[in-house]
>>> print(open('upload.cif').read())   # mmCIF, C-alpha atoms and all ligand atoms
data_target
loop_
_atom_site.group_PDB
_atom_site.id
_atom_site.type_symbol
_atom_site.label_atom_id
_atom_site.label_comp_id
_atom_site.auth_asym_id
_atom_site.auth_seq_id
_atom_site.Cartn_x
_atom_site.Cartn_y
_atom_site.Cartn_z
ATOM 1 C CA MET A 151 0.000 0.000 0.000
ATOM 2 C CA PHE A 152 1.246 3.479 -0.887
ATOM 3 C CA LEU A 153 0.382 6.994 0.251
ATOM 4 C CA GLY A 154 0.224 9.758 -2.359
ATOM 5 C CA ILE A 155 0.107 13.438 -1.403
ATOM 6 C CA ASP A 156 -0.239 16.492 -3.643
ATOM 7 C CA ILE A 157 0.527 19.821 -1.972
ATOM 8 C CA GLY A 158 -0.684 22.943 -3.733
ATOM 9 C CA GLY A 159 -0.895 26.543 -2.557
ATOM 10 C CA THR A 160 -4.590 26.134 -1.676
ATOM 11 C CA ASN A 161 -5.221 22.436 -0.939
ATOM 12 C CA ILE A 162 -3.459 19.261 0.095
ATOM 13 C CA LYS A 163 -4.893 16.077 -1.414
ATOM 14 C CA GLY A 164 -3.970 12.667 -0.152
ATOM 15 C CA LEU A 165 -4.905 9.081 -0.870
ATOM 16 C CA LEU A 166 -4.008 5.522 -0.132
ATOM 17 C CA THR A 167 -3.724 3.188 -3.082
ATOM 18 C CA ASP A 168 -2.721 -0.391 -3.713
ATOM 19 C CA LYS A 169 -0.235 -1.332 -6.408
ATOM 20 C CA SER A 170 -2.941 -1.685 -9.055
ATOM 21 C CA GLY A 171 -3.962 1.975 -8.615
ATOM 22 C CA LYS A 172 -7.182 1.253 -6.760
ATOM 23 C CA ILE A 173 -7.947 4.165 -4.420
ATOM 24 C CA LEU A 174 -8.636 2.894 -0.895
ATOM 25 C CA SER A 175 -9.241 6.274 0.738
ATOM 26 C CA PHE A 176 -9.048 9.923 -0.298
ATOM 27 C CA LYS A 177 -9.122 13.224 1.573
ATOM 28 C CA GLU A 178 -8.605 16.881 0.747
ATOM 29 C CA ILE A 179 -7.700 19.590 3.269
ATOM 30 C CA GLU A 180 -6.720 23.259 3.151
ATOM 31 C CA THR A 181 -3.003 24.044 2.941
ATOM 32 C CA PRO A 182 -1.893 25.728 6.167
ATOM 33 C CA GLY A 183 0.486 28.690 6.140
ATOM 34 C CA SER A 184 3.823 27.571 7.554
ATOM 35 C CA ALA A 185 6.172 24.748 6.598
ATOM 36 C CA LYS A 186 5.893 23.193 10.068
ATOM 37 C CA GLU A 187 2.065 23.273 9.920
ATOM 38 C CA ILE A 188 2.205 21.583 6.516
ATOM 39 C CA ASP A 189 4.358 18.774 8.007
ATOM 40 C CA ASP A 190 1.774 18.296 10.771
ATOM 41 C CA ALA A 191 -1.114 18.439 8.273
ATOM 42 C CA ILE A 192 0.521 15.634 6.223
ATOM 43 C CA LEU A 193 0.891 13.461 9.337
ATOM 44 C CA ASN A 194 -2.747 14.064 10.326
ATOM 45 C CA LEU A 195 -3.905 13.343 6.808
ATOM 46 C CA MET A 196 -2.007 10.048 6.838
ATOM 47 C CA GLU A 197 -3.604 9.035 10.174
ATOM 48 C CA ASN A 198 -7.003 9.946 8.808
ATOM 49 C CA LEU A 199 -6.602 8.030 5.555
ATOM 50 C CA ALA A 200 -5.308 4.944 7.358
ATOM 51 C CA THR A 201 -7.990 4.843 10.065
ATOM 52 C CA SER A 202 -10.823 5.469 7.596
ATOM 53 C CA VAL A 203 -10.070 2.115 5.962
ATOM 54 C CA SER A 204 -8.914 0.456 9.204
ATOM 55 C CA VAL A 205 -5.368 -0.203 8.081
ATOM 56 C CA SER A 206 -2.248 0.172 10.133
ATOM 57 C CA LYS A 207 0.451 2.667 9.176
ATOM 58 C CA ILE A 208 2.853 -0.283 9.095
ATOM 59 C CA ASP A 209 1.144 -1.415 5.898
ATOM 60 C CA ILE A 210 2.211 1.763 4.090
ATOM 61 C CA GLU A 211 5.362 0.863 2.156
ATOM 62 C CA ALA A 212 6.302 4.331 0.915
ATOM 63 C CA ILE A 213 5.012 7.893 0.664
ATOM 64 C CA GLY A 214 5.123 10.032 -2.487
ATOM 65 C CA ILE A 215 4.740 13.801 -2.245
ATOM 66 C CA GLY A 216 4.170 16.217 -5.101
ATOM 67 C CA ALA A 217 5.113 19.759 -4.094
ATOM 68 C CA ALA A 218 4.360 22.984 -5.940
ATOM 69 C CA GLY A 219 7.840 24.351 -6.544
ATOM 70 C CA THR A 220 11.384 23.383 -7.437
ATOM 71 C CA VAL A 221 12.459 20.227 -5.649
ATOM 72 C CA ASP A 222 15.728 18.402 -5.106
ATOM 73 C CA ARG A 223 14.591 14.811 -5.208
ATOM 74 C CA THR A 224 17.926 13.327 -4.079
ATOM 75 C CA LYS A 225 18.007 15.467 -0.928
ATOM 76 C CA GLY A 226 14.226 15.275 -0.501
ATOM 77 C CA GLN A 227 14.052 19.066 -0.279
ATOM 78 C CA VAL A 228 11.794 21.746 -1.637
ATOM 79 C CA ILE A 229 14.205 24.408 -2.911
ATOM 80 C CA THR A 230 11.669 27.185 -3.519
ATOM 81 C CA SER A 231 7.933 27.415 -3.935
ATOM 82 C CA PRO A 232 6.085 30.425 -5.338
ATOM 83 C CA ASN A 233 2.928 29.524 -3.394
ATOM 84 C CA ILE A 234 4.473 28.425 -0.096
ATOM 85 C CA PRO A 235 7.176 30.997 0.758
ATOM 86 C CA SER A 236 8.230 29.269 3.990
ATOM 87 C CA TRP A 237 9.637 26.391 1.919
ATOM 88 C CA LYS A 238 13.244 27.409 1.285
ATOM 89 C CA ASN A 239 15.660 24.475 0.999
ATOM 90 C CA TYR A 240 13.133 22.755 3.233
ATOM 91 C CA PRO A 241 13.805 19.086 4.150
ATOM 92 C CA LEU A 242 10.197 17.989 3.681
ATOM 93 C CA ALA A 243 10.916 14.318 2.912
ATOM 94 C CA LYS A 244 13.364 13.899 5.847
ATOM 95 C CA ASN A 245 10.909 15.480 8.312
ATOM 96 C CA ILE A 246 8.085 13.151 7.323
ATOM 97 C CA GLU A 247 10.408 10.145 7.232
ATOM 98 C CA LYS A 248 11.662 10.892 10.745
ATOM 99 C CA LYS A 249 8.151 11.135 12.146
ATOM 100 C CA THR A 250 6.673 8.124 10.350
ATOM 101 C CA GLY A 251 9.600 5.755 9.818
ATOM 102 C CA ILE A 252 8.337 5.352 6.233
ATOM 103 C CA LYS A 253 10.420 6.137 3.139
ATOM 104 C CA VAL A 254 9.351 9.425 1.473
ATOM 105 C CA PHE A 255 9.969 10.534 -2.129
ATOM 106 C CA ILE A 256 9.269 14.037 -3.383
ATOM 107 C CA GLU A 257 8.699 15.410 -6.861
ATOM 108 C CA ASN A 258 7.408 18.532 -8.522
ATOM 109 C CA ASP A 259 3.583 18.818 -8.514
ATOM 110 C CA VAL A 260 3.259 18.796 -12.307
ATOM 111 C CA THR A 261 5.453 15.694 -12.549
ATOM 112 C CA VAL A 262 3.141 13.820 -10.174
ATOM 113 C CA ALA A 263 0.079 14.995 -12.147
ATOM 114 C CA CYS A 264 1.790 13.694 -15.273
ATOM 115 C CA ALA A 265 2.602 10.368 -13.572
ATOM 116 C CA GLY A 266 -1.024 10.047 -12.450
ATOM 117 C CA GLY A 267 -2.287 10.823 -15.938
ATOM 118 C CA TRP A 268 0.095 8.252 -17.388
ATOM 119 C CA TRP A 269 -0.883 5.561 -14.858
ATOM 120 C CA GLN A 270 -4.631 5.990 -14.363
ATOM 121 C CA GLY A 271 -5.717 9.103 -16.251
ATOM 122 C CA ASN A 272 -6.528 10.018 -19.833
ATOM 123 C CA GLY A 273 -2.808 10.130 -20.694
ATOM 124 C CA SER A 274 -2.686 6.332 -20.380
ATOM 125 C CA LYS A 275 -4.068 6.094 -23.945
ATOM 126 C CA PHE A 276 -0.999 7.835 -25.413
ATOM 127 C CA LYS A 277 2.738 7.109 -25.572
ATOM 128 C CA ASN A 278 3.873 10.682 -26.247
ATOM 129 C CA TRP A 279 2.057 13.571 -24.625
ATOM 130 C CA ILE A 280 2.467 16.869 -22.853
ATOM 131 C CA MET A 281 0.819 18.146 -19.719
ATOM 132 C CA ILE A 282 0.325 21.860 -19.225
ATOM 133 C CA ALA A 283 -0.661 22.943 -15.730
ATOM 134 C CA LEU A 284 -2.427 26.294 -15.844
ATOM 135 C CA GLY A 285 -2.591 28.001 -12.490
ATOM 136 C CA THR A 286 -1.050 31.048 -10.841
ATOM 137 C CA GLY A 287 1.975 30.135 -12.946
ATOM 138 C CA ILE A 288 2.379 27.595 -15.754
ATOM 139 C CA GLY A 289 4.104 24.245 -15.291
ATOM 140 C CA GLY A 290 4.626 21.369 -17.651
ATOM 141 C CA GLY A 291 5.349 17.684 -17.875
ATOM 142 C CA VAL A 292 6.134 15.351 -20.721
ATOM 143 C CA ILE A 293 5.808 11.657 -21.428
ATOM 144 C CA ILE A 294 8.193 10.423 -24.121
ATOM 145 C CA ASP A 295 7.864 6.854 -25.441
ATOM 146 C CA ASN A 296 5.634 5.991 -22.484
ATOM 147 C CA LYS A 297 8.140 7.259 -19.893
ATOM 148 C CA ILE A 298 8.094 10.433 -17.846
ATOM 149 C CA TYR A 299 10.965 12.692 -18.806
ATOM 150 C CA THR A 300 12.097 14.887 -15.899
ATOM 151 C CA GLY A 301 15.562 16.051 -16.976
ATOM 152 C CA GLN A 302 18.899 16.019 -15.197
ATOM 153 C CA THR A 303 17.645 17.264 -11.835
ATOM 154 C CA GLY A 304 13.889 16.835 -12.148
ATOM 155 C CA SER A 305 13.336 20.384 -13.367
ATOM 156 C CA SER A 306 12.530 19.864 -17.043
ATOM 157 C CA MET A 307 9.486 21.404 -18.713
ATOM 158 C CA GLU A 308 9.528 24.748 -16.904
ATOM 159 C CA ILE A 309 7.412 25.889 -19.801
ATOM 160 C CA GLY A 310 6.003 28.888 -17.942
ATOM 161 C CA HIS A 311 9.410 30.488 -18.403
ATOM 162 C CA MET A 312 9.614 29.972 -22.137
ATOM 163 C CA THR A 313 10.292 33.460 -23.544
ATOM 164 C CA ILE A 314 7.611 34.563 -25.952
ATOM 165 C CA ASP A 315 8.432 38.291 -25.993
ATOM 166 C CA ILE A 316 12.059 39.356 -25.776
ATOM 167 C CA ASN A 317 10.966 42.918 -24.894
ATOM 168 C CA GLY A 318 8.330 41.788 -22.420
ATOM 169 C CA PRO A 319 8.124 42.701 -18.726
ATOM 170 C CA ARG A 320 10.637 41.327 -16.209
ATOM 171 C CA CYS A 321 9.514 37.950 -14.764
ATOM 172 C CA SER A 322 10.076 36.749 -11.184
ATOM 173 C CA CYS A 323 12.584 34.246 -12.646
ATOM 174 C CA GLY A 324 14.829 37.090 -13.810
ATOM 175 C CA SER A 325 14.080 36.720 -17.514
ATOM 176 C CA ARG A 326 11.652 38.748 -19.629
ATOM 177 C CA GLY A 327 8.420 38.060 -21.458
ATOM 178 C CA CYS A 328 7.880 34.536 -20.069
ATOM 179 C CA LEU A 329 4.795 32.566 -21.149
ATOM 180 C CA GLU A 330 3.270 32.608 -17.670
ATOM 181 C CA GLN A 331 3.225 36.407 -17.709
ATOM 182 C CA TYR A 332 0.783 36.172 -20.626
ATOM 183 C CA ALA A 333 -1.174 32.954 -20.277
ATOM 184 C CA SER A 334 -1.599 32.038 -16.586
ATOM 185 C CA ALA A 335 -4.464 32.701 -14.153
ATOM 186 C CA SER A 336 -2.471 35.666 -12.831
ATOM 187 C CA ALA A 337 -2.078 37.011 -16.375
ATOM 188 C CA LEU A 338 -5.840 36.719 -16.862
ATOM 189 C CA VAL A 339 -6.543 38.774 -13.718
ATOM 190 C CA LYS A 340 -3.867 41.318 -14.658
ATOM 191 C CA TYR A 341 -5.354 41.761 -18.132
ATOM 192 C CA VAL A 342 -8.774 42.582 -16.675
ATOM 193 C CA GLU A 343 -7.322 44.992 -14.086
ATOM 194 C CA GLU A 344 -5.312 46.832 -16.743
ATOM 195 C CA ASN A 345 -8.131 47.100 -19.255
ATOM 196 C CA ILE A 346 -11.307 47.508 -17.210
ATOM 197 C CA ALA A 347 -11.285 51.332 -17.518
ATOM 198 C CA LYS A 348 -11.937 50.907 -21.252
ATOM 199 C CA TYR A 349 -14.993 48.708 -20.598
ATOM 200 C CA LYS A 350 -17.439 50.978 -18.756
ATOM 201 C CA ASN A 351 -20.304 48.459 -18.910
ATOM 202 C CA SER A 352 -18.356 45.359 -17.893
ATOM 203 C CA SER A 353 -20.050 43.278 -15.210
ATOM 204 C CA LEU A 354 -16.554 42.759 -13.743
ATOM 205 C CA HIS A 355 -16.539 46.287 -12.231
ATOM 206 C CA GLU A 356 -18.347 44.977 -9.158
ATOM 207 C CA HIS A 357 -15.423 42.611 -8.464
ATOM 208 C CA ILE A 358 -12.669 45.166 -8.836
ATOM 209 C CA ALA A 359 -13.364 47.570 -5.978
ATOM 210 C CA ASP A 360 -13.535 45.594 -2.758
ATOM 211 C CA LYS A 361 -13.352 41.893 -3.671
ATOM 212 C CA PRO A 362 -10.305 40.114 -4.931
ATOM 213 C CA LEU A 363 -10.748 39.336 -8.611
ATOM 214 C CA THR A 364 -9.998 35.704 -9.506
ATOM 215 C CA ALA A 365 -9.577 33.721 -12.708
ATOM 216 C CA LYS A 366 -12.718 31.772 -11.798
ATOM 217 C CA ILE A 367 -14.796 34.953 -11.568
ATOM 218 C CA ILE A 368 -13.498 36.102 -14.955
ATOM 219 C CA HIS A 369 -14.286 32.715 -16.496
ATOM 220 C CA ASP A 370 -17.825 32.814 -15.023
ATOM 221 C CA HIS A 371 -18.364 36.269 -16.537
ATOM 222 C CA ALA A 372 -17.007 35.078 -19.888
ATOM 223 C CA ILE A 373 -19.642 32.323 -19.836
ATOM 224 C CA ASP A 374 -22.214 35.063 -19.155
ATOM 225 C CA LYS A 375 -20.887 36.844 -22.257
ATOM 226 C CA ASP A 376 -19.205 39.838 -20.611
ATOM 227 C CA GLU A 377 -17.167 41.476 -23.355
ATOM 228 C CA LEU A 378 -14.062 42.207 -21.249
ATOM 229 C CA ALA A 379 -14.046 38.726 -19.688
ATOM 230 C CA ILE A 380 -14.261 37.151 -23.157
ATOM 231 C CA GLU A 381 -11.514 39.466 -24.443
ATOM 232 C CA ALA A 382 -9.250 38.531 -21.482
ATOM 233 C CA MET A 383 -9.871 34.779 -21.875
ATOM 234 C CA THR A 384 -9.220 35.039 -25.612
ATOM 235 C CA GLN A 385 -6.008 36.974 -25.070
ATOM 236 C CA ILE A 386 -4.482 34.457 -22.631
ATOM 237 C CA SER A 387 -5.638 31.513 -24.770
ATOM 238 C CA ARG A 388 -3.905 32.985 -27.833
ATOM 239 C CA TYR A 389 -0.633 33.356 -25.943
ATOM 240 C CA LEU A 390 -1.021 29.857 -24.546
ATOM 241 C CA GLY A 391 -1.555 28.692 -28.123
ATOM 242 C CA LEU A 392 1.847 30.131 -29.058
ATOM 243 C CA GLY A 393 3.494 28.218 -26.216
ATOM 244 C CA VAL A 394 1.657 25.036 -27.220
ATOM 245 C CA ALA A 395 2.652 25.485 -30.887
ATOM 246 C CA ASN A 396 6.328 25.705 -29.807
ATOM 247 C CA LEU A 397 5.952 22.569 -27.681
ATOM 248 C CA ILE A 398 4.218 20.688 -30.482
ATOM 249 C CA ASN A 399 7.089 21.530 -32.837
ATOM 250 C CA ILE A 400 9.586 20.223 -30.275
ATOM 251 C CA PHE A 401 7.833 17.071 -29.053
ATOM 252 C CA ASN A 402 5.506 16.032 -31.889
ATOM 253 C CA PRO A 403 3.047 14.732 -29.258
ATOM 254 C CA GLU A 404 -0.134 12.708 -29.696
ATOM 255 C CA ALA A 405 -1.928 14.765 -27.075
ATOM 256 C CA VAL A 406 -1.814 17.926 -25.004
ATOM 257 C CA ILE A 407 -3.534 17.551 -21.635
ATOM 258 C CA LEU A 408 -4.508 20.636 -19.652
ATOM 259 C CA GLY A 409 -4.353 20.536 -15.866
ATOM 260 C CA GLY A 410 -4.336 23.140 -13.086
ATOM 261 C CA GLY A 411 -7.175 25.337 -11.856
ATOM 262 C CA LEU A 412 -7.584 27.265 -15.091
ATOM 263 C CA SER A 413 -8.098 24.025 -17.047
ATOM 264 C CA LEU A 414 -11.703 24.178 -15.798
ATOM 265 C CA ALA A 415 -12.062 26.801 -18.541
ATOM 266 C CA HIS A 416 -10.942 24.274 -21.168
ATOM 267 C CA LYS A 417 -14.106 24.664 -23.267
ATOM 268 C CA PHE A 418 -13.134 28.276 -23.785
ATOM 269 C CA ILE A 419 -9.359 27.852 -24.031
ATOM 270 C CA ILE A 420 -8.890 24.739 -26.197
ATOM 271 C CA PRO A 421 -10.631 25.940 -29.411
ATOM 272 C CA ILE A 422 -8.514 29.127 -29.427
ATOM 273 C CA VAL A 423 -5.307 27.199 -28.696
ATOM 274 C CA LYS A 424 -6.137 24.867 -31.599
ATOM 275 C CA ASP A 425 -6.559 27.831 -33.980
ATOM 276 C CA VAL A 426 -3.218 29.353 -32.961
ATOM 277 C CA VAL A 427 -1.476 25.985 -33.277
ATOM 278 C CA LYS A 428 -2.949 25.662 -36.774
ATOM 279 C CA GLU A 429 -1.411 29.057 -37.642
ATOM 280 C CA HIS A 430 2.003 28.559 -36.031
ATOM 281 C CA ALA A 431 3.026 24.905 -35.707
ATOM 282 C CA LEU A 432 4.603 22.897 -38.495
ATOM 283 C CA LYS A 433 2.733 20.981 -41.129
ATOM 284 C CA GLY A 434 3.010 17.252 -40.546
ATOM 285 C CA VAL A 435 3.395 17.777 -36.777
ATOM 286 C CA LYS A 436 0.265 19.661 -35.718
ATOM 287 C CA GLU A 437 -2.549 17.774 -37.448
ATOM 288 C CA LYS A 438 -3.332 14.787 -35.272
ATOM 289 C CA VAL A 439 -2.777 16.307 -31.834
ATOM 290 C CA LYS A 440 -5.634 15.735 -29.370
ATOM 291 C CA TYR A 441 -6.453 18.348 -26.698
ATOM 292 C CA LEU A 442 -8.012 17.217 -23.438
ATOM 293 C CA PRO A 443 -8.570 18.498 -19.901
ATOM 294 C CA ILE A 444 -7.059 16.321 -17.162
ATOM 295 C CA LYS A 445 -9.426 13.639 -15.889
ATOM 296 C CA ASP A 446 -10.208 13.919 -12.163
ATOM 297 C CA GLN A 447 -8.064 16.885 -11.185
ATOM 298 C CA SER A 448 -8.212 16.046 -7.466
ATOM 299 C CA LYS A 449 -7.252 12.347 -7.455
ATOM 300 C CA ILE A 450 -4.890 11.975 -10.433
ATOM 301 C CA PRO A 451 -1.968 14.038 -8.993
ATOM 302 C CA PRO A 452 -1.826 12.226 -5.594
ATOM 303 C CA LEU A 453 -2.193 8.907 -7.443
ATOM 304 C CA GLY A 454 0.842 9.896 -9.514
ATOM 305 C CA ALA A 455 2.769 10.747 -6.332
ATOM 306 C CA ALA A 456 1.932 7.281 -4.961
ATOM 307 C CA ARG A 457 3.055 5.643 -8.213
ATOM 308 C CA ILE A 458 6.386 7.493 -8.170
ATOM 309 C CA ALA A 459 6.901 6.381 -4.559
ATOM 310 C CA MET A 460 6.045 2.787 -5.512
ATOM 311 C CA ASP A 461 8.516 2.702 -8.437
ATOM 312 C CA ARG A 462 11.393 4.317 -6.504
ATOM 313 C CA TYR A 463 10.800 2.204 -3.434
ATOM 314 C CA ASN A 464 10.821 -1.010 -5.475
ATOM 315 C CA PHE A 465 13.896 0.168 -7.396
ATOM 316 C CA GLU A 466 15.805 0.937 -4.173
ATOM 317 C CA LYS A 467 14.760 -2.411 -2.687
ATOM 318 C CA LYS A 468 16.207 -4.251 -5.694
ATOM 319 C CA SER A 469 19.455 -2.293 -5.900
HETATM 320 ZN ZN ZN B 1 10.081 33.630 -16.075
#
>>> encode(input="upload.cif", output="structure tokens", more="lines below")
Ligand SMILES: [Zn+2]
Amino acid sequence: MFLGIDIGGTNIKGLLTDKSGKILSFKEIETPGSAKEIDDAILNLMENLATSVSVSKIDIEAIGIGAAGTVDRTKGQVITSPNIPSWKNYPLAKNIEKKTGIKVFIENDVTVACAGGWWQGNGSKFKNWIMIALGTGIGGGVIIDNKIYTGQTGSSMEIGHMTIDINGPRCSCGSRGCLEQYASASALVKYVEENIAKYKNSSLHEHIADKPLTAKIIHDHAIDKDELAIEAMTQISRYLGLGVANLINIFNPEAVILGGGLSLAHKFIIPIVKDVVKEHALKGVKEKVKYLPIKDQSKIPPLGAARIAMDRYNFEKKS
């Protein structure tokens, strides 16, 4: 039995699974503020998941954790995380290992989503595919010849920092004009804030003054046909399309799977992305690509974390 955990800026999702991928128990909680509180929340979650199916913690062979941020998988550390600032070279895996006596493996959150999609999700139908996680930032994952490719240190597919405008604004990464400055949930909100003065009749005015504007609100207003909301959604989808066209030229994938919070707007985003890909990607590469939203956004990433833990644990046992 394996425990899979996916830690995002807003929620922590955890589940227990057997080696066939059958989910034995699942629970979702809010992400607390500090690193120490997150450690405690993981331990509580584990207790909860185990007792709800009356199993003993001893039966858990390994724990896999997907963390939003850059991770060092050999040291079991989170190096930095845009959503959880108290994680700085934080020994997350060691802390949990010490308290549970169970082996812990950590990975980037998009990598675990990709692993889940490959194992039990809609990516399992394809041998070569890309995952694009659309949230506050933009992350990516790639499956090549039915294997997850993670690069030298586990930091491949940082597609949010692909430059798409050399003269663009400075990004938090130090570069300029990165994709996530144009096509993420934050970019969507920024577009509305910067342009709302030009749209006197926009229904989004009521959300600007005293309530925080979110990507979800903008998407809801786009569905209700607000002109500015539609314009903003179209703008970010076109930029995303450019990023996807570049990726399609590089990887020649069978499918592009959208994950992350903003993927809930896939009905709006995908048709525009397809049009831009048609304009910009190469002939002979772009035609047969399928575009899908991730299946079961809440369970697939922790399942992937459990699968990564299972594979590494079995590999270490053998070697
Ligand atoms: Zn950047």
>>> residues_around(input="upload.cif", residues="Asn161 of chain A", least_positions_apart="6", cutoff="7 Å", atoms="only C-alpha atoms", output="number ranges by chain")
A: 178-181
>>> residues_near_ligand(input="upload.cif", ligand="ligand ZN 1 (chain B)", cutoff="6 Å", atoms="only C-alpha atoms and all ligand atoms", output="VMD selection string")
chain A and resid 311 321 to 323 325 328
>>> closest_residue(input="upload.cif", among="A:Gly273, A:Gly158, A:Pro235, A:Gly304", to="Val221 of chain A", atoms="all atoms listed in the file")
A:Gly304
>>> resolve_selection(input="upload.cif", expression="the PyMOL selection byres (((chain A and resi 366-368) around 10) and not hetatm)", output="list in words")
Ala335, Leu338, Val339, Val342, Ser353, Leu354, His357, Pro362, Leu363, Thr364, Ala365, His369, Asp370, His371, Ala372, Ile373, Asp374, Asp376, Leu378, Ala379, Ile380, Ala382, Met383, Gly411, Leu412, Leu414 and Ala415 of chain A
>>> closest_atom_pairs(input="upload.cif", of="segment 183-221 of chain A", to="segment 441-460 of chain A", cutoff="10 Å", atoms="only C-alpha atoms", output="CSV")
residue,atom,partner,partner_atom,distance
A:Glu211,CA,A:Met460,CA,7.9
A:Ala212,CA,A:Ala459,CA,5.9
A:Ile213,CA,A:Ala459,CA,5.8
A:Gly214,CA,A:Ala459,CA,4.6
A:Ile215,CA,A:Ala455,CA,5.5
A:Gly216,CA,A:Ala455,CA,5.8
A:Ala217,CA,A:Ala455,CA,9.6
>>> residues_around(input="upload.cif", residues="Asp168 of chain A", least_positions_apart="2", cutoff="10 Å", atoms="all atoms listed in the file", output="VMD selection string")
chain A and resid 151 to 153 166 170 to 174 210 456 to 457 460
>>> write_last_selection(input="upload.cif", atoms="C-alpha atoms", output="compact mmCIF listing (two decimals), keeping the file's coordinate frame")
# COMPACT_ATOMS: atom_id res chain seq x y z
CA MET A 151 0.00 0.00 0.00
CA PHE A 152 1.25 3.48 -0.89
CA LEU A 153 0.38 6.99 0.25
CA LEU A 166 -4.01 5.52 -0.13
CA SER A 170 -2.94 -1.68 -9.06
CA GLY A 171 -3.96 1.98 -8.62
CA LYS A 172 -7.18 1.25 -6.76
CA ILE A 173 -7.95 4.16 -4.42
CA LEU A 174 -8.64 2.89 -0.90
CA ILE A 210 2.21 1.76 4.09
CA ALA A 456 1.93 7.28 -4.96
CA ARG A 457 3.06 5.64 -8.21
CA MET A 460 6.04 2.79 -5.51
>>> resolve_selection(input="upload.cif", expression="the PyMOL selection byres (((chain A and resi 227-232) around 9) and not hetatm)", output="list in words")
Gly159, Ala217, Ala218, Gly219, Thr220, Val221, Asp222, Arg223, Thr224, Lys225, Gly226, Asn233, Ile234, Pro235, Ser236, Trp237, Lys238, Asn239, Tyr240, Pro241, Leu242, Ala243, Lys244, Ile256, Glu257, Asn258 and Gly287 of chain A
>>> closest_residue(input="upload.cif", among="A:Ala347, A:Val394, A:Ile157, A:Ile419", to="Pro182 of chain A", atoms="all atoms listed in the file")
A:Ile157
>>> residues_around(input="upload.cif", residues="Gly327 of chain A", least_positions_apart="2", cutoff="10 Å", atoms="only C-alpha atoms", output="PDB file with C-alpha atoms, keeping the file's coordinate frame")
ATOM      1  CA  HIS A 311       9.410  30.488 -18.403  1.00  0.00           C
ATOM      2  CA  MET A 312       9.614  29.972 -22.137  1.00  0.00           C
ATOM      3  CA  THR A 313      10.292  33.460 -23.544  1.00  0.00           C
ATOM      4  CA  ILE A 314       7.611  34.563 -25.952  1.00  0.00           C
ATOM      5  CA  ASP A 315       8.432  38.291 -25.993  1.00  0.00           C
ATOM      6  CA  ILE A 316      12.059  39.356 -25.776  1.00  0.00           C
ATOM      7  CA  ASN A 317      10.966  42.918 -24.894  1.00  0.00           C
ATOM      8  CA  GLY A 318       8.330  41.788 -22.420  1.00  0.00           C
ATOM      9  CA  PRO A 319       8.124  42.701 -18.726  1.00  0.00           C
ATOM     10  CA  ARG A 320      10.637  41.327 -16.209  1.00  0.00           C
ATOM     11  CA  CYS A 321       9.514  37.950 -14.764  1.00  0.00           C
ATOM     12  CA  SER A 325      14.080  36.720 -17.514  1.00  0.00           C
ATOM     13  CA  LEU A 329       4.795  32.566 -21.149  1.00  0.00           C
ATOM     14  CA  GLU A 330       3.270  32.608 -17.670  1.00  0.00           C
ATOM     15  CA  GLN A 331       3.225  36.407 -17.709  1.00  0.00           C
ATOM     16  CA  TYR A 332       0.783  36.172 -20.626  1.00  0.00           C
TER      17      TYR A 332
END
>>> atom_distance(input="upload.cif", atom1="atom CA of Lys277 of chain A", atom2="atom CA of Gln302 of chain A")
21.2 Å
>>> decode(input="upload.cif", residues="segment 225-234 of chain A", atoms="N, CA and C atoms", output="tab-separated table (two decimals), in the first residue's frame")
chain	number	residue	atom	x	y	z
A	225	LYS	N	17.95	15.02	-2.33
A	225	LYS	CA	18.01	15.47	-0.93
A	225	LYS	C	16.63	15.46	-0.27
A	226	GLY	N	15.59	15.26	-1.06
A	226	GLY	CA	14.23	15.28	-0.50
A	226	GLY	C	13.81	16.65	-0.02
A	227	GLN	N	14.34	17.69	-0.70
A	227	GLN	CA	14.05	19.07	-0.28
A	227	GLN	C	13.19	19.81	-1.27
A	228	VAL	N	12.42	20.77	-0.75
A	228	VAL	CA	11.79	21.75	-1.64
A	228	VAL	C	12.74	22.94	-1.65
A	229	ILE	N	13.23	23.31	-2.82
A	229	ILE	CA	14.20	24.41	-2.91
A	229	ILE	C	13.48	25.75	-2.79
A	230	THR	N	12.51	25.99	-3.67
A	230	THR	CA	11.67	27.18	-3.52
A	230	THR	C	10.26	26.84	-3.98
A	231	SER	N	9.31	27.60	-3.50
A	231	SER	CA	7.93	27.41	-3.94
A	231	SER	C	7.27	28.78	-4.03
A	232	PRO	N	6.72	29.11	-5.22
A	232	PRO	CA	6.09	30.42	-5.34
A	232	PRO	C	4.86	30.56	-4.43
A	233	ASN	N	4.17	29.45	-4.17
A	233	ASN	CA	2.93	29.52	-3.39
A	233	ASN	C	3.13	29.34	-1.89
A	234	ILE	N	4.23	28.68	-1.52
A	234	ILE	CA	4.47	28.42	-0.10
A	234	ILE	C	5.85	29.00	0.25
